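**Student:** I have a structure I would like to understand better, so I am pasting it below and will then ask my questions one at a time.
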Amino acid sequence: MKNVILIAALLLLVVACGKEETTQEVKFSVTGTSVTEVKFNYKNSIQDVKTPFNGTWDTTIVANIGETISLDSKATGGALTGKVFVNDVLVAEKTDADSDGDGKTQVKVDWTTVQ
């Protein structure tokens with residue numbers, strides 16, 4: 001009986017190690033001054049973040065492989081940067097440096113998770 005349990009446990013371990021990952025850890029990050037709007041879209045559900053704020057805001061979600069995620073942010077205090085990290089690796093980054101001097105910045109970042 002012990003041998004059967006041991007063999008079953010080893011078989012389960014081998015099967016579990018052979019599985020492909022179907023999800024990835026995705027982190028959204030927004031950095032700016034007088035950030036007035038942050039929205040991120042995941043699974044066709046738009047999530048709003050409490051604003052205004054100065055500095056950096058971030059959140060982490062778990063996304064399925066092949067899903068598109070997006071970040072949309074606005075600020076009135078100069079440069080604004082939006083970043084997307086997948087499994088702690090920077091995969092997308094956009095910056096609006098307010099080069100036209102109107103005091104308004106907007107950053108939109110889209111990413112489709114891939115294996």
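By convention in this document, the chains of the structure tokens carry letters A, B, ... by their order, each chain's residues are numbered from 1, and ligands are numbered from 1 in the order they are shown.
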Mind the document's chain letters and residue numbers, and return as a list of chain:residue names the residues of chain A that DSSP labels helix (DSSP H, G or I).

**Tutor:**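 These are the residues in question: A:Lys2, A:Asn3, A:Val4, A:Ile5, A:Leu6, A:Ile7, A:Ala8, A:Ala9, A:Leu10, A:Leu11, A:Leu12, A:Leu13, A:Val14, A:Val15, A:Ala16, A:Cys17.
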
**Student:** Quick one: write out the picked residues with all heavy atoms as a compact mmCIF listing (two decimals), in the first residue's frame?

**Tutor:**
# COMPACT_ATOMS: atom_id res chain seq x y z
N LYS A 2 1.96 1.24 0.79
CA LYS A 2 2.85 2.39 0.83
C LYS A 2 3.48 2.65 -0.53
O LYS A 2 3.67 3.79 -0.92
CB LYS A 2 3.95 2.19 1.87
CG LYS A 2 3.46 2.26 3.29
CD LYS A 2 4.62 2.09 4.25
CE LYS A 2 4.12 2.11 5.68
NZ LYS A 2 5.19 1.90 6.64
N ASN A 3 3.80 1.57 -1.26
CA ASN A 3 4.39 1.73 -2.59
C ASN A 3 3.42 2.40 -3.55
O ASN A 3 3.82 3.21 -4.38
CB ASN A 3 4.83 0.37 -3.15
CG ASN A 3 6.05 -0.17 -2.43
OD1 ASN A 3 6.76 0.58 -1.77
ND2 ASN A 3 6.30 -1.47 -2.56
N VAL A 4 2.15 2.05 -3.46
CA VAL A 4 1.14 2.65 -4.34
C VAL A 4 1.02 4.14 -4.06
O VAL A 4 0.97 4.96 -4.98
CB VAL A 4 -0.23 1.94 -4.17
CG1 VAL A 4 -1.32 2.68 -4.91
CG2 VAL A 4 -0.14 0.50 -4.61
N ILE A 5 1.02 4.52 -2.80
CA ILE A 5 0.92 5.94 -2.43
C ILE A 5 2.17 6.68 -2.88
O ILE A 5 2.08 7.78 -3.43
CB ILE A 5 0.70 6.09 -0.90
CG1 ILE A 5 -0.67 5.53 -0.53
CG2 ILE A 5 0.84 7.54 -0.48
CD1 ILE A 5 -0.93 5.48 0.95
N LEU A 6 3.32 6.08 -2.72
CA LEU A 6 4.57 6.70 -3.14
C LEU A 6 4.61 6.89 -4.65
O LEU A 6 4.98 7.96 -5.14
CB LEU A 6 5.77 5.86 -2.68
CG LEU A 6 7.14 6.41 -3.01
CD1 LEU A 6 7.35 7.77 -2.38
CD2 LEU A 6 8.23 5.45 -2.59
N ILE A 7 4.21 5.90 -5.40
CA ILE A 7 4.18 5.99 -6.86
C ILE A 7 3.18 7.06 -7.31
O ILE A 7 3.47 7.85 -8.20
CB ILE A 7 3.85 4.61 -7.50
CG1 ILE A 7 5.03 3.66 -7.27
CG2 ILE A 7 3.55 4.75 -8.98
CD1 ILE A 7 4.75 2.22 -7.65
N ALA A 8 2.02 7.11 -6.66
CA ALA A 8 1.01 8.12 -7.02
C ALA A 8 1.53 9.53 -6.74
O ALA A 8 1.33 10.45 -7.53
CB ALA A 8 -0.27 7.87 -6.25
N ALA A 9 2.23 9.69 -5.62
CA ALA A 9 2.78 11.01 -5.29
C ALA A 9 3.85 11.42 -6.30
O ALA A 9 3.89 12.57 -6.73
CB ALA A 9 3.35 10.99 -3.88
N LEU A 10 4.71 10.50 -6.69
CA LEU A 10 5.74 10.80 -7.67
C LEU A 10 5.13 11.13 -9.04
O LEU A 10 5.57 12.04 -9.73
CB LEU A 10 6.73 9.64 -7.80
CG LEU A 10 7.68 9.46 -6.62
CD1 LEU A 10 8.49 8.18 -6.78
CD2 LEU A 10 8.60 10.65 -6.48
N LEU A 11 4.11 10.39 -9.42
CA LEU A 11 3.43 10.64 -10.69
C LEU A 11 2.78 12.02 -10.69
O LEU A 11 2.88 12.76 -11.67
CB LEU A 11 2.38 9.56 -10.97
CG LEU A 11 1.65 9.64 -12.29
CD1 LEU A 11 2.63 9.56 -13.44
CD2 LEU A 11 0.62 8.54 -12.40
N LEU A 12 2.15 12.40 -9.59
CA LEU A 12 1.54 13.72 -9.47
C LEU A 12 2.59 14.82 -9.57
O LEU A 12 2.39 15.83 -10.24
CB LEU A 12 0.78 13.84 -8.14
CG LEU A 12 0.08 15.16 -7.86
CD1 LEU A 12 -0.99 15.43 -8.92
CD2 LEU A 12 -0.52 15.17 -6.48
N LEU A 13 3.74 14.61 -8.96
CA LEU A 13 4.82 15.58 -9.02
C LEU A 13 5.33 15.75 -10.45
O LEU A 13 5.54 16.87 -10.91
CB LEU A 13 5.97 15.14 -8.11
CG LEU A 13 7.17 16.07 -8.02
CD1 LEU A 13 6.75 17.42 -7.45
CD2 LEU A 13 8.26 15.46 -7.19
N VAL A 14 5.49 14.67 -11.18
CA VAL A 14 5.96 14.73 -12.57
C VAL A 14 4.94 15.45 -13.44
O VAL A 14 5.29 16.30 -14.26
CB VAL A 14 6.24 13.31 -13.12
CG1 VAL A 14 6.47 13.34 -14.62
CG2 VAL A 14 7.44 12.71 -12.40
N VAL A 15 3.65 15.16 -13.27
CA VAL A 15 2.61 15.81 -14.07
C VAL A 15 2.55 17.29 -13.75
O VAL A 15 2.45 18.13 -14.64
CB VAL A 15 1.24 15.13 -13.82
CG1 VAL A 15 0.12 15.94 -14.44
CG2 VAL A 15 1.25 13.72 -14.38
N ALA A 16 2.65 17.66 -12.48
CA ALA A 16 2.59 19.07 -12.08
C ALA A 16 3.78 19.86 -12.63
O ALA A 16 3.63 21.01 -13.03
CB ALA A 16 2.54 19.18 -10.57
N CYS A 17 4.94 19.27 -12.68
CA CYS A 17 6.12 19.96 -13.19
C CYS A 17 6.05 20.17 -14.70
O CYS A 17 6.66 21.08 -15.23
CB CYS A 17 7.39 19.18 -12.86
SG CYS A 17 7.79 19.23 -11.11

**Student:** Do a neighbour search on Gly78 (chain A) at 7 Å with only C-alpha atoms, toss out local chain neighbours closer than 2 positions, and write the hits as a PyMOL selection string.

**Tutor:** chain A and resi 33+76+80+97-98+103-105

**Student:** Keeping only N, CA, C and O atoms, write the selected residues to a file as a CSV table (one decimal), in the first residue's frame.

**Tutor:**
chain,number,residue,atom,x,y,z
A,33,THR,N,3.0,64.0,-11.3
A,33,THR,CA,2.5,65.0,-10.3
A,33,THR,C,1.2,65.5,-10.7
A,33,THR,O,0.9,65.7,-11.9
A,76,THR,N,-2.0,66.9,-14.6
A,76,THR,CA,-1.9,68.3,-14.9
A,76,THR,C,-0.7,68.9,-14.3
A,76,THR,O,-0.5,70.1,-14.3
A,80,LEU,N,4.4,62.6,-17.1
A,80,LEU,CA,3.6,61.5,-16.6
A,80,LEU,C,4.2,60.2,-17.3
A,80,LEU,O,4.4,60.2,-18.5
A,97,ALA,N,6.0,64.0,-21.6
A,97,ALA,CA,6.8,65.0,-20.9
A,97,ALA,C,6.2,66.4,-21.0
A,97,ALA,O,6.8,67.4,-20.5
A,98,ASP,N,5.0,66.6,-21.5
A,98,ASP,CA,4.3,67.9,-21.6
A,98,ASP,C,5.2,68.8,-22.5
A,98,ASP,O,5.4,70.0,-22.1
A,103,GLY,N,0.4,71.9,-19.7
A,103,GLY,CA,0.1,71.5,-18.4
A,103,GLY,C,-0.7,70.3,-18.3
A,103,GLY,O,-1.1,69.8,-17.2
A,104,LYS,N,-1.0,69.6,-19.4
A,104,LYS,CA,-1.8,68.4,-19.5
A,104,LYS,C,-1.0,67.3,-20.1
A,104,LYS,O,-0.4,67.5,-21.1
A,105,THR,N,-1.0,66.1,-19.4
A,105,THR,CA,-0.4,65.0,-20.0
A,105,THR,C,-1.3,63.8,-19.9
A,105,THR,O,-2.2,63.7,-19.1

**Student:** Give the answer as one residue: which of A:Asn44, A:Thr60, A:Asn87, A:Thr31 has the shortest atom-to-atom distance to Thr113 (chain A), using only C-alpha atoms?

**Tutor:** A:Asn87

**Student:** How would you write, as a PDB file with C-alpha atoms, in the first residue's frame, the set of residues in chain A that DSSP gives as strand (DSSP E)?

**Tutor:**
ATOM      1  CA  THR A  23      -1.095  33.048 -16.078  1.00  0.00           C
ATOM      2  CA  GLN A  24       1.361  35.878 -15.578  1.00  0.00           C
ATOM      3  CA  GLU A  25       1.787  38.480 -12.858  1.00  0.00           C
ATOM      4  CA  VAL A  26       1.146  41.913 -14.378  1.00  0.00           C
ATOM      5  CA  LYS A  27       2.006  45.167 -12.585  1.00  0.00           C
ATOM      6  CA  PHE A  28       0.710  48.579 -13.690  1.00  0.00           C
ATOM      7  CA  SER A  29       2.643  51.648 -12.528  1.00  0.00           C
ATOM      8  CA  VAL A  30       1.913  55.368 -12.970  1.00  0.00           C
ATOM      9  CA  THR A  31       4.292  58.116 -11.874  1.00  0.00           C
ATOM     10  CA  GLY A  32       3.530  61.828 -12.034  1.00  0.00           C
ATOM     11  CA  THR A  33       2.540  65.036 -10.303  1.00  0.00           C
ATOM     12  CA  SER A  34      -1.117  66.051  -9.932  1.00  0.00           C
ATOM     13  CA  VAL A  35      -2.308  62.776 -11.455  1.00  0.00           C
ATOM     14  CA  THR A  36      -6.022  63.308 -12.066  1.00  0.00           C
ATOM     15  CA  GLU A  37      -7.105  60.017 -13.633  1.00  0.00           C
ATOM     16  CA  VAL A  38      -5.892  56.420 -13.700  1.00  0.00           C
ATOM     17  CA  LYS A  39      -7.859  53.610 -15.269  1.00  0.00           C
ATOM     18  CA  PHE A  40      -6.787  50.113 -16.145  1.00  0.00           C
ATOM     19  CA  ASN A  41      -8.747  47.658 -18.224  1.00  0.00           C
ATOM     20  CA  TYR A  42      -8.554  43.940 -17.524  1.00  0.00           C
ATOM     21  CA  SER A  45     -13.633  45.658 -16.812  1.00  0.00           C
ATOM     22  CA  ILE A  46     -12.354  49.202 -16.324  1.00  0.00           C
ATOM     23  CA  GLN A  47     -10.984  49.852 -12.844  1.00  0.00           C
ATOM     24  CA  ASP A  48     -10.681  53.436 -11.579  1.00  0.00           C
ATOM     25  CA  PHE A  53      -2.205  61.957  -6.174  1.00  0.00           C
ATOM     26  CA  ASN A  54       1.479  62.825  -6.544  1.00  0.00           C
ATOM     27  CA  GLY A  55       4.212  60.242  -6.884  1.00  0.00           C
ATOM     28  CA  THR A  56       3.802  56.620  -7.929  1.00  0.00           C
ATOM     29  CA  TRP A  57       0.773  54.355  -7.856  1.00  0.00           C
ATOM     30  CA  ASP A  58       0.945  50.693  -8.774  1.00  0.00           C
ATOM     31  CA  THR A  59      -1.091  47.520  -8.579  1.00  0.00           C
ATOM     32  CA  THR A  60      -0.487  43.910  -9.498  1.00  0.00           C
ATOM     33  CA  ILE A  61      -2.940  41.461 -11.045  1.00  0.00           C
ATOM     34  CA  VAL A  62      -2.735  37.935 -12.396  1.00  0.00           C
ATOM     35  CA  ALA A  63      -3.628  37.781 -16.095  1.00  0.00           C
ATOM     36  CA  ASN A  64      -4.209  34.826 -18.368  1.00  0.00           C
ATOM     37  CA  THR A  68      -4.903  42.332 -23.516  1.00  0.00           C
ATOM     38  CA  ILE A  69      -4.562  44.769 -20.656  1.00  0.00           C
ATOM     39  CA  SER A  70      -4.424  48.542 -20.854  1.00  0.00           C
ATOM     40  CA  LEU A  71      -3.591  51.562 -18.741  1.00  0.00           C
ATOM     41  CA  ASP A  72      -4.863  55.113 -19.304  1.00  0.00           C
ATOM     42  CA  SER A  73      -3.722  57.982 -17.085  1.00  0.00           C
ATOM     43  CA  LYS A  74      -3.859  61.778 -17.073  1.00  0.00           C
ATOM     44  CA  ALA A  75      -2.130  64.500 -15.075  1.00  0.00           C
ATOM     45  CA  LEU A  80       3.637  61.486 -16.616  1.00  0.00           C
ATOM     46  CA  THR A  81       4.922  57.923 -17.046  1.00  0.00           C
ATOM     47  CA  GLY A  82       2.987  54.676 -17.348  1.00  0.00           C
ATOM     48  CA  LYS A  83       4.656  51.253 -17.157  1.00  0.00           C
ATOM     49  CA  VAL A  84       3.590  47.629 -17.457  1.00  0.00           C
ATOM     50  CA  PHE A  85       5.677  44.846 -15.931  1.00  0.00           C
ATOM     51  CA  VAL A  86       5.110  41.137 -16.581  1.00  0.00           C
ATOM     52  CA  VAL A  89      10.136  42.512 -16.341  1.00  0.00           C
ATOM     53  CA  LEU A  90       9.354  45.914 -17.905  1.00  0.00           C
ATOM     54  CA  VAL A  91       7.446  45.180 -21.134  1.00  0.00           C
ATOM     55  CA  ALA A  92       5.895  48.551 -21.986  1.00  0.00           C
ATOM     56  CA  GLU A  93       6.560  52.154 -21.008  1.00  0.00           C
ATOM     57  CA  LYS A  94       5.289  55.488 -22.261  1.00  0.00           C
ATOM     58  CA  THR A  95       6.026  59.009 -21.069  1.00  0.00           C
ATOM     59  CA  ASP A  96       4.321  62.305 -21.850  1.00  0.00           C
ATOM     60  CA  THR A 105      -0.362  64.982 -19.957  1.00  0.00           C
ATOM     61  CA  GLN A 106      -1.872  61.637 -20.925  1.00  0.00           C
ATOM     62  CA  VAL A 107      -0.326  58.186 -21.214  1.00  0.00           C
ATOM     63  CA  LYS A 108      -1.989  55.125 -22.734  1.00  0.00           C
ATOM     64  CA  VAL A 109      -0.249  51.751 -22.592  1.00  0.00           C
ATOM     65  CA  ASP A 110      -1.605  48.481 -24.019  1.00  0.00           C
ATOM     66  CA  TRP A 111      -0.064  45.028 -23.672  1.00  0.00           C
ATOM     67  CA  THR A 112      -1.100  41.505 -24.641  1.00  0.00           C
TER      68      THR A 112
END
